[in-house]
>>> print(open('final_24.csv').read())   # CSV, C-alpha atoms (C1' of nucleotides)
chain,number,residue,atom,x,y,z
I,40,MET,CA,-91.2,7.8,105.5
I,41,ALA,CA,-89.6,9.3,108.7
I,42,PRO,CA,-92.0,9.4,111.7
I,43,MET,CA,-89.3,11.1,113.8
I,44,ALA,CA,-88.5,14.7,114.3
I,45,PRO,CA,-87.2,16.6,111.3
I,46,THR,CA,-83.8,17.3,112.8
I,47,GLN,CA,-82.9,14.0,114.3
I,48,GLN,CA,-83.9,11.2,111.8
I,49,VAL,CA,-83.0,8.2,113.9
I,50,LYS,CA,-82.4,7.4,117.6
I,51,ARG,CA,-78.7,7.7,118.4
I,52,ARG,CA,-76.8,6.7,121.4
I,53,ALA,CA,-74.4,9.1,123.1
I,54,THR,CA,-70.9,7.7,123.1
I,55,ASN,CA,-67.5,8.9,124.1
I,56,GLN,CA,-66.2,8.3,120.6
I,57,GLY,CA,-68.9,10.3,119.0
I,58,ALA,CA,-68.2,13.2,121.3
I,59,ALA,CA,-64.5,12.9,120.7
I,60,VAL,CA,-64.9,13.1,117.0
I,61,LYS,CA,-67.1,16.1,117.2
I,62,GLU,CA,-64.7,17.8,119.6
I,63,ALA,CA,-61.8,17.2,117.3
I,64,LEU,CA,-63.7,18.9,114.5
I,65,ALA,CA,-64.8,21.7,116.7
I,66,ALA,CA,-61.3,22.5,117.8
I,67,GLU,CA,-60.3,23.7,114.4
I,68,ASP,CA,-62.0,25.8,111.7
I,69,THR,CA,-60.4,23.9,109.0
I,70,PHE,CA,-61.5,21.1,106.8
I,71,ARG,CA,-59.9,17.9,108.0
I,72,SER,CA,-59.6,14.4,106.6
I,73,ALA,CA,-60.9,11.3,108.4
I,74,GLN,CA,-57.3,10.0,108.6
I,75,ASP,CA,-56.2,13.3,110.1
I,76,VAL,CA,-58.9,13.4,112.7
I,77,TYR,CA,-58.1,9.8,113.6
I,78,ALA,CA,-54.4,10.5,114.0
I,79,THR,CA,-55.1,13.5,116.2
I,80,LEU,CA,-57.4,11.6,118.4
I,81,ARG,CA,-55.0,8.7,118.8
I,82,ALA,CA,-52.2,11.1,119.5
I,83,ASN,CA,-54.3,12.5,122.3
I,84,GLY,CA,-54.6,9.1,123.8
I,85,GLU,CA,-58.2,8.7,122.7
I,86,LYS,CA,-59.3,5.1,122.4
I,87,ILE,CA,-61.0,5.0,119.0
I,88,GLY,CA,-60.9,3.1,115.8
I,89,LEU,CA,-60.6,4.4,112.3
I,90,SER,CA,-64.0,2.9,111.3
I,91,THR,CA,-65.6,4.8,114.0
I,92,VAL,CA,-64.2,8.1,112.9
I,93,TYR,CA,-65.5,7.5,109.4
I,94,ARG,CA,-68.8,6.5,110.8
I,95,HIS,CA,-69.3,9.6,112.9
I,96,LEU,CA,-68.0,11.9,110.2
I,97,GLN,CA,-70.6,10.5,107.8
I,98,ILE,CA,-73.3,10.8,110.5
I,99,PHE,CA,-72.5,14.5,110.9
I,100,VAL,CA,-72.8,15.0,107.2
I,101,ASP,CA,-76.1,13.1,107.1
I,102,ASP,CA,-77.4,15.2,110.0
I,103,GLY,CA,-76.3,18.4,108.4
I,104,LEU,CA,-73.9,19.1,111.2
I,105,ALA,CA,-70.9,19.0,108.9
I,106,ASP,CA,-69.9,19.9,105.4
I,107,VAL,CA,-67.7,17.8,103.2
I,108,ILE,CA,-65.5,18.9,100.5
I,109,HIS,CA,-63.5,16.7,98.2
I,110,LYS,CA,-60.0,17.9,97.7
I,111,PRO,CA,-58.7,18.0,94.2
I,112,ASP,CA,-56.7,14.9,95.0
I,113,GLY,CA,-59.9,13.1,95.9
I,114,GLU,CA,-59.6,13.0,99.7
I,115,SER,CA,-62.7,13.9,101.6
I,116,THR,CA,-62.4,16.6,104.3
I,117,TYR,CA,-64.9,17.6,106.9
I,118,ARG,CA,-65.7,20.6,109.0
I,119,LEU,CA,-68.4,21.3,111.5
I,120,CYS,CA,-70.9,23.8,110.2
I,121,GLY,CA,-72.8,26.4,112.2
I,122,ASP,CA,-76.4,25.2,111.8
I,123,ALA,CA,-77.8,22.5,109.7
I,124,SER,CA,-79.7,23.1,106.5
I,125,THR,CA,-80.8,26.6,107.2
I,126,THR,CA,-78.1,28.3,105.2
I,127,HIS,CA,-76.7,27.0,101.9
I,128,HIS,CA,-73.2,28.2,101.5
I,129,HIS,CA,-69.8,27.5,99.9
I,130,HIS,CA,-66.2,27.7,101.0
I,131,LEU,CA,-63.0,29.6,100.4
I,132,VAL,CA,-60.4,27.1,101.4
I,133,CYS,CA,-56.7,27.5,101.9
I,134,ARG,CA,-54.9,24.9,99.8
I,135,SER,CA,-52.1,24.8,102.3
I,136,CYS,CA,-53.5,24.8,105.8
I,137,GLY,CA,-57.1,23.9,105.1
I,138,LYS,CA,-58.5,27.0,106.8
I,139,ALA,CA,-61.9,27.8,105.4
I,140,VAL,CA,-64.1,30.8,105.2
I,141,GLU,CA,-67.8,30.3,104.6
I,142,ILE,CA,-69.0,32.4,101.8
I,143,GLU,CA,-72.4,33.0,100.2
I,144,GLY,CA,-73.2,33.9,96.7
I,145,PRO,CA,-76.9,34.2,96.1
I,146,ALA,CA,-76.1,35.2,92.5
I,147,VAL,CA,-74.3,32.0,91.9
I,148,GLU,CA,-77.2,29.9,93.2
I,149,THR,CA,-79.7,31.6,90.9
I,150,TRP,CA,-77.3,31.4,88.0
I,151,ALA,CA,-76.7,27.7,88.5
I,152,ASP,CA,-80.4,27.0,88.6
I,153,LYS,CA,-81.1,29.1,85.5
I,154,VAL,CA,-78.4,27.5,83.5
I,155,ALA,CA,-79.6,24.0,84.5
I,156,ALA,CA,-83.2,24.8,83.6
I,157,GLN,CA,-82.2,26.3,80.3
I,158,ASN,CA,-80.6,23.0,79.4
I,159,GLY,CA,-83.5,20.9,80.6
I,160,PHE,CA,-81.7,19.6,83.7
I,161,THR,CA,-83.7,18.8,86.8
I,162,ASP,CA,-82.9,17.7,90.3
I,163,VAL,CA,-80.0,20.0,90.3
I,164,ASN,CA,-77.3,20.6,92.9
I,165,HIS,CA,-73.9,22.2,92.5
I,166,THR,CA,-70.5,22.4,94.1
I,167,VAL,CA,-68.6,25.6,94.3
I,168,GLU,CA,-65.3,25.7,96.1
I,169,ILE,CA,-62.7,28.3,95.9
I,170,PHE,CA,-59.1,27.2,96.6
I,171,GLY,CA,-56.3,29.6,97.3
I,172,LEU,CA,-53.5,30.5,99.7
I,173,CYS,CA,-54.5,32.3,102.8
I,174,ALA,CA,-52.6,35.4,103.8
I,175,ALA,CA,-50.8,33.5,106.6
I,176,CYS,CA,-49.6,30.7,104.4
I,177,ALA,CA,-48.7,33.1,101.5
I,178,ALA,CA,-46.5,35.0,104.0
I,179,SER,CA,-44.5,32.0,105.0
Y,200,MET,CA,-37.1,26.2,83.0
Y,201,ALA,CA,-38.8,25.0,79.8
Y,202,PRO,CA,-36.9,25.8,76.7
Y,203,MET,CA,-39.6,24.2,74.5
Y,204,ALA,CA,-42.6,25.7,72.9
Y,205,PRO,CA,-45.4,27.0,75.1
Y,206,THR,CA,-48.1,24.6,73.9
Y,207,GLN,CA,-46.1,21.3,73.9
Y,208,GLN,CA,-43.9,21.2,76.9
Y,209,VAL,CA,-42.1,18.0,76.1
Y,210,LYS,CA,-41.3,15.9,73.1
Y,211,ARG,CA,-43.9,13.2,72.8
Y,212,ARG,CA,-43.9,10.1,70.6
Y,213,ALA,CA,-47.0,9.2,68.6
Y,214,THR,CA,-48.2,5.8,69.6
Y,215,ASN,CA,-51.3,3.7,68.8
Y,216,GLN,CA,-52.3,3.6,72.4
Y,217,GLY,CA,-52.2,7.4,72.8
Y,218,ALA,CA,-54.4,7.8,69.7
Y,219,ALA,CA,-56.8,5.1,70.9
Y,220,VAL,CA,-57.3,6.8,74.2
Y,221,LYS,CA,-58.0,10.1,72.5
Y,222,GLU,CA,-60.4,8.5,70.0
Y,223,ALA,CA,-62.3,6.9,72.8
Y,224,LEU,CA,-62.7,10.2,74.5
Y,225,ALA,CA,-63.6,11.9,71.3
Y,226,ALA,CA,-66.3,9.4,70.5
Y,227,GLU,CA,-68.5,10.7,73.4
Y,228,ASP,CA,-69.4,14.1,74.7
Y,229,THR,CA,-69.6,12.7,78.2
Y,230,PHE,CA,-67.2,12.6,81.1
Y,231,ARG,CA,-65.7,9.1,81.4
Y,232,SER,CA,-63.6,7.4,84.0
Y,233,ALA,CA,-60.3,5.9,83.3
Y,234,GLN,CA,-61.6,2.4,84.1
Y,235,ASP,CA,-64.5,3.0,81.7
Y,236,VAL,CA,-62.3,4.1,78.8
Y,237,TYR,CA,-60.0,1.1,79.5
Y,238,ALA,CA,-62.9,-1.3,79.4
Y,239,THR,CA,-64.3,0.2,76.2
Y,240,LEU,CA,-60.9,0.0,74.5
Y,241,ARG,CA,-60.4,-3.6,75.6
Y,242,ALA,CA,-63.9,-4.5,74.4
Y,243,ASN,CA,-63.0,-3.1,71.0
Y,244,GLY,CA,-60.1,-5.4,70.9
Y,245,GLU,CA,-57.6,-2.7,71.5
Y,246,LYS,CA,-54.3,-3.9,73.0
Y,247,ILE,CA,-53.7,-1.5,75.8
Y,248,GLY,CA,-52.9,-1.5,79.5
Y,249,LEU,CA,-54.7,0.3,82.3
Y,250,SER,CA,-51.6,2.1,83.3
Y,251,THR,CA,-51.3,3.5,79.8
Y,252,VAL,CA,-54.9,4.8,79.8
Y,253,TYR,CA,-54.2,6.6,83.1
Y,254,ARG,CA,-51.0,7.9,81.7
Y,255,HIS,CA,-52.5,9.4,78.6
Y,256,LEU,CA,-55.5,10.8,80.4
Y,257,GLN,CA,-53.2,12.7,82.7
Y,258,ILE,CA,-51.1,13.9,79.7
Y,259,PHE,CA,-54.2,15.3,78.1
Y,260,VAL,CA,-55.1,17.2,81.2
Y,261,ASP,CA,-51.5,18.5,81.5
Y,262,ASP,CA,-51.6,19.6,77.9
Y,263,GLY,CA,-54.9,21.3,78.4
Y,264,LEU,CA,-56.6,19.0,75.9
Y,265,ALA,CA,-59.0,17.5,78.5
Y,266,ASP,CA,-61.0,18.5,81.5
Y,267,VAL,CA,-61.2,16.5,84.6
Y,268,ILE,CA,-64.0,16.5,87.1
Y,269,HIS,CA,-64.2,14.6,90.3
Y,270,LYS,CA,-67.5,12.9,90.8
Y,271,PRO,CA,-69.0,13.3,94.3
Y,272,ASP,CA,-68.0,9.7,95.0
Y,273,GLY,CA,-64.4,10.7,94.3
Y,274,GLU,CA,-63.9,9.1,90.9
Y,275,SER,CA,-62.1,11.2,88.3
Y,276,THR,CA,-63.7,11.6,84.9
Y,277,TYR,CA,-62.3,13.0,81.8
Y,278,ARG,CA,-63.5,14.7,78.6
Y,279,LEU,CA,-61.8,16.2,75.7
Y,280,CYS,CA,-62.2,19.9,75.5
Y,281,GLY,CA,-62.4,22.1,72.5
Y,282,ASP,CA,-59.3,24.1,72.6
Y,283,ALA,CA,-56.7,24.3,75.4
Y,284,SER,CA,-56.5,27.2,77.8
Y,285,THR,CA,-58.2,29.8,75.7
Y,286,THR,CA,-61.5,29.5,77.4
Y,287,HIS,CA,-62.1,28.9,81.0
Y,288,HIS,CA,-65.4,27.2,81.6
Y,289,HIS,CA,-67.4,24.9,83.8
Y,290,HIS,CA,-69.8,22.1,83.3
Y,291,LEU,CA,-73.4,21.1,83.7
Y,292,VAL,CA,-73.2,17.3,84.1
Y,293,CYS,CA,-75.8,14.7,84.1
Y,294,ARG,CA,-75.5,12.6,87.3
Y,295,SER,CA,-76.9,9.6,85.5
Y,296,CYS,CA,-75.4,9.4,82.0
Y,297,GLY,CA,-72.4,11.7,82.4
Y,298,LYS,CA,-73.4,13.9,79.5
Y,299,ALA,CA,-72.0,17.4,79.9
Y,300,VAL,CA,-72.7,20.8,78.7
Y,301,GLU,CA,-70.0,23.4,78.8
Y,302,ILE,CA,-71.2,26.6,80.5
Y,303,GLU,CA,-69.7,29.9,81.1
Y,304,GLY,CA,-70.4,32.3,83.9
Y,305,PRO,CA,-68.2,35.4,83.8
Y,306,ALA,CA,-70.1,36.7,86.8
Y,307,VAL,CA,-69.0,33.7,88.8
Y,308,GLU,CA,-65.4,34.2,87.9
Y,309,THR,CA,-65.3,37.8,89.0
Y,310,TRP,CA,-67.3,37.0,92.1
Y,311,ALA,CA,-64.8,34.2,93.1
Y,312,ASP,CA,-61.9,36.4,92.6
Y,313,LYS,CA,-63.5,39.3,94.5
Y,314,VAL,CA,-64.4,37.1,97.5
Y,315,ALA,CA,-60.9,35.6,97.6
Y,316,ALA,CA,-59.3,38.9,97.5
Y,317,GLN,CA,-61.5,40.3,100.2
Y,318,ASN,CA,-60.3,37.5,102.5
Y,319,GLY,CA,-56.7,37.9,101.6
Y,320,PHE,CA,-56.4,34.8,99.6
Y,321,THR,CA,-54.0,34.6,96.6
Y,322,ASP,CA,-53.1,32.1,93.9
Y,323,VAL,CA,-56.8,31.4,93.6
Y,324,ASN,CA,-58.6,28.9,91.5
Y,325,HIS,CA,-62.1,27.4,91.8
Y,326,THR,CA,-64.3,24.5,90.9
Y,327,VAL,CA,-67.8,25.0,89.9
Y,328,GLU,CA,-69.7,22.0,88.7
Y,329,ILE,CA,-73.5,21.7,88.4
Y,330,PHE,CA,-74.9,18.2,88.6
Y,331,GLY,CA,-78.4,17.3,87.6
Y,332,LEU,CA,-80.5,14.9,85.6
Y,333,CYS,CA,-80.6,15.6,81.9
Y,334,ALA,CA,-84.0,15.6,80.2
Y,335,ALA,CA,-83.4,12.2,78.6
Y,336,CYS,CA,-82.5,10.6,81.8
Y,337,ALA,CA,-85.3,12.3,83.7
Y,338,ALA,CA,-87.8,10.9,81.1
Y,339,SER,CA,-86.7,7.3,81.6
H,140,DG,C1',-30.9,-1.2,59.2
H,141,DT,C1',-29.2,0.3,63.7
H,142,DC,C1',-29.4,2.4,68.0
H,143,DT,C1',-31.2,5.4,71.7
H,144,DT,C1',-34.7,6.0,74.6
H,145,DA,C1',-39.7,7.1,75.2
H,146,DT,C1',-43.5,4.1,75.8
H,147,DT,C1',-45.8,0.2,77.2
H,148,DG,C1',-48.2,-3.1,80.3
H,149,DG,C1',-49.0,-6.3,83.9
H,150,DG,C1',-48.6,-7.1,88.4
H,151,DA,C1',-47.4,-5.4,92.9
H,152,DA,C1',-48.1,-1.7,96.0
H,153,DT,C1',-50.6,2.4,98.0
H,154,DC,C1',-54.2,4.9,99.8
H,155,DG,C1',-58.6,6.2,101.2
H,156,DT,C1',-62.7,4.1,102.5
H,157,DT,C1',-66.1,0.4,103.4
H,158,DC,C1',-67.4,-4.0,105.2
H,159,DC,C1',-67.8,-7.7,108.5
H,160,DC,C1',-68.7,-9.4,112.9
H,161,DA,C1',-67.6,-10.8,117.5
H,162,DT,C1',-67.2,-7.9,121.6
H,163,DT,C1',-68.5,-3.9,124.4
H,164,DA,C1',-71.3,-0.6,126.6
H,165,DT,C1',-75.6,2.7,126.4
H,166,DG,C1',-80.1,3.4,127.9
H,167,DA,C1',-84.7,1.6,129.0
H,168,DC,C1',-87.2,-0.8,132.1
H,169,DA,C1',-88.1,-3.6,136.1
M,108,DT,C1',-79.5,-0.9,141.2
M,109,DG,C1',-79.5,-5.1,138.2
M,110,DT,C1',-80.9,-7.0,133.7
M,111,DC,C1',-81.4,-7.0,128.9
M,112,DA,C1',-81.9,-5.8,124.0
M,113,DT,C1',-79.3,-3.8,120.8
M,114,DA,C1',-76.7,0.3,119.1
M,115,DA,C1',-72.0,1.3,118.8
M,116,DT,C1',-67.3,-0.1,118.5
M,117,DG,C1',-62.8,-1.5,116.4
M,118,DG,C1',-59.5,-4.1,114.0
M,119,DG,C1',-58.6,-6.5,110.3
M,120,DA,C1',-60.0,-8.1,105.8
M,121,DA,C1',-61.8,-6.5,101.5
M,122,DC,C1',-62.3,-3.1,97.9
M,123,DG,C1',-61.8,0.1,94.1
M,124,DA,C1',-59.2,3.7,92.1
M,125,DT,C1',-54.8,5.1,91.1
M,126,DT,C1',-49.7,4.9,91.1
M,127,DC,C1',-45.3,2.5,90.9
M,128,DC,C1',-41.8,-0.5,89.1
M,129,DC,C1',-39.2,-2.4,85.5
M,130,DA,C1',-38.1,-5.6,81.9
M,131,DA,C1',-39.8,-5.9,77.1
M,132,DT,C1',-41.2,-3.2,73.1
M,133,DA,C1',-41.3,0.1,69.5
M,134,DA,C1',-40.9,5.1,67.6
M,135,DG,C1',-38.0,7.9,65.1
M,136,DA,C1',-33.4,10.0,64.1
M,137,DC,C1',-29.2,9.1,61.8
>>> encode(input="final_24.csv", output="structure tokens")
Amino acid sequence: MAPMAPTQQVKRRATNQGAAVKEALAAEDTFRSAQDVYATLRANGEKIGLSTVYRHLQIFVDDGLADVIHKPDGESTYRLCGDASTTHHHHLVCRSCGKAVEIEGPAVETWADKVAAQNGFTDVNHTVEIFGLCAACAAS
Amino acid sequence: MAPMAPTQQVKRRATNQGAAVKEALAAEDTFRSAQDVYATLRANGEKIGLSTVYRHLQIFVDDGLADVIHKPDGESTYRLCGDASTTHHHHLVCRSCGKAVEIEGPAVETWADKVAAQNGFTDVNHTVEIFGLCAACAAS
DNA sequence: GTCTTATTGGGAATCGTTCCCATTATGACA
DNA sequence: TGTCATAATGGGAACGATTCCCAATAAGAC
């Protein structure tokens, strides 16, 4: 199917906008919405369109560079993620400021797979997100 | 704040539409979207508006009668749920047909709380959903 | 039966996201 | 360094789910 290298599936051009989106994400360790990133970039005088922001965000996700999580209200938020598909992990996210801590729960993974198998489900994946108030936000 | 009984926060009138929405949900053990429920009801000749469907679905959730889960694509789906807030549980959901199995994972709950506490997070809640293909769908 | 008011519903409005497509600019090659 | 094919861009239209608004309707108490 894919004759290219495993990490980079398709040829991709380097553009200012792509770099700008990545930088914007890299600047914070919080999950941010596309609209949010777009607003920030424009505020910084960056010349970029909303479509382009969405486009790059999606590319990052496809390339395994970023994680997405859907907020309870349905909005998608993105965050750059250490290294690609090497480590499967989840997040502890602050409901208020969006700050996120990467967490791992090997036990959860095996539990999920076991439960799925017991019920005859295949091609399984799961979402585990923990929402709360971080210490800083709770204090204010 | 609320001088009423603990289970039923506000006085609510019994209407045909409310009953119809509940019936529609009760008829299936799958998570269904508001649009889906609406379409079904209209197809059955029910006289009801989309707004009303959304309204009742939300009421069920508020009253703890139904569970919501947000599909990866962002759509909200609802399902009636045994009894209100007595049992906290999660779901194993078929990506294809929406069929859901209620599952419990006490270990997950304690793990989530522990991780949150370790990171100074308070007012914690979590979402754990397992998506897969049920045996029936995998066969076809 | 009457009256108060919760409920309804249909269309407008919102909001996030995707699509379309003419314009722009990257990168390869001469 | 100039030329060219085409990937990338962006802005506005289009979309789908959900919410809002408000005049008309109907539930239930007296």
>>> closest_residue(input="final_24.csv", among="Y:Thr214, Y:Ile258, Y:Asn243, Y:Asp235", to="DT132 of chain M", atoms="only C-alpha atoms (C1' of nucleotides)")
Y:Thr214
>>> atom_distance(input="final_24.csv", atom1="atom CA of Val92 of chain I", atom2="atom CA of Ser275 of chain Y")
24.9 Å
>>> interface_residues(input="final_24.csv", of="chain I", to="chain M", cutoff="7 Å", atoms="all atoms listed in the file", output="ChimeraX atom specification")
/I:52,88,90-91
>>> interface_residues(input="final_24.csv", of="chain H", to="chain I", cutoff="12 Å", atoms="all atoms listed in the file", output="VMD selection string")
chain H and resid 154 to 159 163 to 166
>>> closest_atom_pairs(input="final_24.csv", of="chain I", to="chain Y", cutoff="7 Å", atoms="only C-alpha atoms", output="Markdown table")
| residue | atom | partner | partner_atom | distance |
| --- | --- | --- | --- | --- |
| I:Gly113 | CA | Y:Gly273 | CA | 5.3 |
| I:Leu131 | CA | Y:Ala315 | CA | 6.9 |
| I:Val147 | CA | Y:Val307 | CA | 6.4 |
| I:Ala151 | CA | Y:Ile329 | CA | 6.8 |
| I:Ala155 | CA | Y:Leu291 | CA | 6.9 |
| I:Gly159 | CA | Y:Ala334 | CA | 5.3 |
| I:Phe160 | CA | Y:Cys333 | CA | 4.5 |
| I:Thr161 | CA | Y:Leu332 | CA | 5.2 |
| I:Asp162 | CA | Y:Gly331 | CA | 5.3 |
| I:Val163 | CA | Y:Gly331 | CA | 4.1 |
| I:Asn164 | CA | Y:Phe330 | CA | 5.5 |
| I:His165 | CA | Y:Ile329 | CA | 4.1 |
| I:Thr166 | CA | Y:Glu328 | CA | 5.5 |
| I:Val167 | CA | Y:Val327 | CA | 4.5 |
| I:Glu168 | CA | Y:Thr326 | CA | 5.4 |
| I:Ile169 | CA | Y:His325 | CA | 4.2 |
| I:Phe170 | CA | Y:Asn324 | CA | 5.4 |
| I:Gly171 | CA | Y:Val323 | CA | 4.1 |
| I:Leu172 | CA | Y:Thr321 | CA | 5.2 |
| I:Cys173 | CA | Y:Phe320 | CA | 4.5 |
| I:Ala174 | CA | Y:Gly319 | CA | 5.3 |
>>> calpha_fit_and_write(input="final_24.csv", fixed="chain Y", moving="chain I", output="CSV table (one decimal) with C-alpha atoms, keeping the file's coordinate frame")
chain,number,residue,atom,x,y,z
I,40,MET,CA,-37.8,26.8,82.7
I,41,ALA,CA,-39.4,25.4,79.4
I,42,PRO,CA,-37.3,26.1,76.3
I,43,MET,CA,-40.0,24.4,74.1
I,44,ALA,CA,-43.0,25.8,72.5
I,45,PRO,CA,-45.8,27.0,74.7
I,46,THR,CA,-48.3,24.4,73.6
I,47,GLN,CA,-46.3,21.3,73.6
I,48,GLN,CA,-44.0,21.3,76.7
I,49,VAL,CA,-42.1,18.1,76.1
I,50,LYS,CA,-41.3,15.9,73.1
I,51,ARG,CA,-43.9,13.1,72.8
I,52,ARG,CA,-43.9,10.0,70.7
I,53,ALA,CA,-46.9,9.1,68.6
I,54,THR,CA,-48.3,5.8,69.7
I,55,ASN,CA,-51.3,3.6,68.8
I,56,GLN,CA,-52.3,3.6,72.5
I,57,GLY,CA,-52.2,7.3,72.8
I,58,ALA,CA,-54.4,7.7,69.7
I,59,ALA,CA,-56.8,5.0,70.9
I,60,VAL,CA,-57.3,6.8,74.2
I,61,LYS,CA,-57.9,10.1,72.6
I,62,GLU,CA,-60.3,8.5,70.1
I,63,ALA,CA,-62.3,6.8,72.9
I,64,LEU,CA,-62.7,10.2,74.5
I,65,ALA,CA,-63.6,11.9,71.3
I,66,ALA,CA,-66.3,9.4,70.5
I,67,GLU,CA,-68.4,10.6,73.4
I,68,ASP,CA,-69.3,14.1,74.8
I,69,THR,CA,-69.5,12.7,78.2
I,70,PHE,CA,-67.1,12.7,81.1
I,71,ARG,CA,-65.7,9.2,81.4
I,72,SER,CA,-63.6,7.4,84.1
I,73,ALA,CA,-60.2,5.9,83.4
I,74,GLN,CA,-61.6,2.4,84.2
I,75,ASP,CA,-64.5,3.1,81.8
I,76,VAL,CA,-62.3,4.1,78.9
I,77,TYR,CA,-60.1,1.1,79.6
I,78,ALA,CA,-63.0,-1.3,79.5
I,79,THR,CA,-64.3,0.2,76.3
I,80,LEU,CA,-61.0,0.0,74.6
I,81,ARG,CA,-60.5,-3.6,75.7
I,82,ALA,CA,-63.9,-4.5,74.6
I,83,ASN,CA,-63.0,-3.1,71.2
I,84,GLY,CA,-60.1,-5.5,71.0
I,85,GLU,CA,-57.6,-2.7,71.6
I,86,LYS,CA,-54.3,-3.9,73.0
I,87,ILE,CA,-53.7,-1.5,75.9
I,88,GLY,CA,-53.0,-1.6,79.6
I,89,LEU,CA,-54.7,0.2,82.4
I,90,SER,CA,-51.6,2.1,83.3
I,91,THR,CA,-51.4,3.5,79.9
I,92,VAL,CA,-54.9,4.8,79.9
I,93,TYR,CA,-54.2,6.6,83.1
I,94,ARG,CA,-51.0,7.9,81.7
I,95,HIS,CA,-52.5,9.4,78.6
I,96,LEU,CA,-55.5,10.7,80.4
I,97,GLN,CA,-53.2,12.7,82.7
I,98,ILE,CA,-51.1,13.8,79.7
I,99,PHE,CA,-54.2,15.3,78.1
I,100,VAL,CA,-55.1,17.1,81.3
I,101,ASP,CA,-51.5,18.4,81.6
I,102,ASP,CA,-51.6,19.6,77.9
I,103,GLY,CA,-54.9,21.2,78.4
I,104,LEU,CA,-56.6,18.9,75.9
I,105,ALA,CA,-58.9,17.5,78.5
I,106,ASP,CA,-60.8,18.6,81.6
I,107,VAL,CA,-61.2,16.5,84.7
I,108,ILE,CA,-64.0,16.5,87.1
I,109,HIS,CA,-64.1,14.6,90.3
I,110,LYS,CA,-67.4,13.0,90.9
I,111,PRO,CA,-69.0,13.3,94.2
I,112,ASP,CA,-68.0,9.8,95.0
I,113,GLY,CA,-64.4,10.7,94.3
I,114,GLU,CA,-63.8,9.1,90.9
I,115,SER,CA,-62.0,11.2,88.4
I,116,THR,CA,-63.7,11.6,84.9
I,117,TYR,CA,-62.3,13.0,81.8
I,118,ARG,CA,-63.5,14.6,78.6
I,119,LEU,CA,-61.8,16.1,75.7
I,120,CYS,CA,-62.1,19.9,75.6
I,121,GLY,CA,-62.4,22.1,72.5
I,122,ASP,CA,-59.2,24.1,72.7
I,123,ALA,CA,-56.6,24.3,75.4
I,124,SER,CA,-56.4,27.1,77.9
I,125,THR,CA,-58.0,29.8,75.8
I,126,THR,CA,-61.4,29.5,77.4
I,127,HIS,CA,-62.0,28.9,81.1
I,128,HIS,CA,-65.3,27.2,81.6
I,129,HIS,CA,-67.3,24.9,83.8
I,130,HIS,CA,-69.7,22.1,83.3
I,131,LEU,CA,-73.3,21.1,83.6
I,132,VAL,CA,-73.1,17.4,84.0
I,133,CYS,CA,-75.8,14.7,84.0
I,134,ARG,CA,-75.5,12.6,87.1
I,135,SER,CA,-76.9,9.7,85.3
I,136,CYS,CA,-75.3,9.4,81.9
I,137,GLY,CA,-72.4,11.8,82.3
I,138,LYS,CA,-73.4,14.0,79.4
I,139,ALA,CA,-71.9,17.4,79.9
I,140,VAL,CA,-72.6,20.9,78.6
I,141,GLU,CA,-69.9,23.5,78.8
I,142,ILE,CA,-71.1,26.6,80.4
I,143,GLU,CA,-69.5,30.0,81.1
I,144,GLY,CA,-70.2,32.3,83.9
I,145,PRO,CA,-68.1,35.4,83.7
I,146,ALA,CA,-69.9,36.7,86.8
I,147,VAL,CA,-69.0,33.7,88.8
I,148,GLU,CA,-65.3,34.1,87.9
I,149,THR,CA,-65.2,37.7,89.0
I,150,TRP,CA,-67.2,36.9,92.1
I,151,ALA,CA,-64.9,34.1,93.1
I,152,ASP,CA,-61.8,36.4,92.7
I,153,LYS,CA,-63.4,39.2,94.7
I,154,VAL,CA,-64.4,37.0,97.5
I,155,ALA,CA,-61.0,35.5,97.7
I,156,ALA,CA,-59.3,38.9,97.7
I,157,GLN,CA,-61.6,40.2,100.3
I,158,ASN,CA,-60.5,37.4,102.6
I,159,GLY,CA,-56.8,37.9,101.9
I,160,PHE,CA,-56.5,34.7,99.8
I,161,THR,CA,-54.1,34.5,96.9
I,162,ASP,CA,-53.2,32.1,94.2
I,163,VAL,CA,-56.8,31.3,93.8
I,164,ASN,CA,-58.6,28.8,91.6
I,165,HIS,CA,-62.1,27.4,91.9
I,166,THR,CA,-64.2,24.5,90.9
I,167,VAL,CA,-67.8,24.9,89.8
I,168,GLU,CA,-69.7,22.0,88.7
I,169,ILE,CA,-73.4,21.7,88.3
I,170,PHE,CA,-74.9,18.2,88.6
I,171,GLY,CA,-78.4,17.3,87.5
I,172,LEU,CA,-80.5,15.0,85.4
I,173,CYS,CA,-80.6,15.7,81.7
I,174,ALA,CA,-83.9,15.7,80.0
I,175,ALA,CA,-83.3,12.3,78.4
I,176,CYS,CA,-82.4,10.6,81.6
I,177,ALA,CA,-85.3,12.4,83.5
I,178,ALA,CA,-87.7,11.0,80.9
I,179,SER,CA,-86.7,7.4,81.4
>>> atom_distance(input="final_24.csv", atom1="atom CA of Ile87 of chain I", atom2="atom C1' of DT162 of chain H")
14.5 Å
>>> atom_distance(input="final_24.csv", atom1="atom CA of Ala178 of chain I", atom2="atom CA of Glu308 of chain Y")
24.8 Å
>>> closest_residue(input="final_24.csv", among="Y:Tyr277, Y:Tyr237, Y:Phe230, Y:Phe259", to="Lys298 of chain Y", atoms="all atoms listed in the file")
Y:Phe230
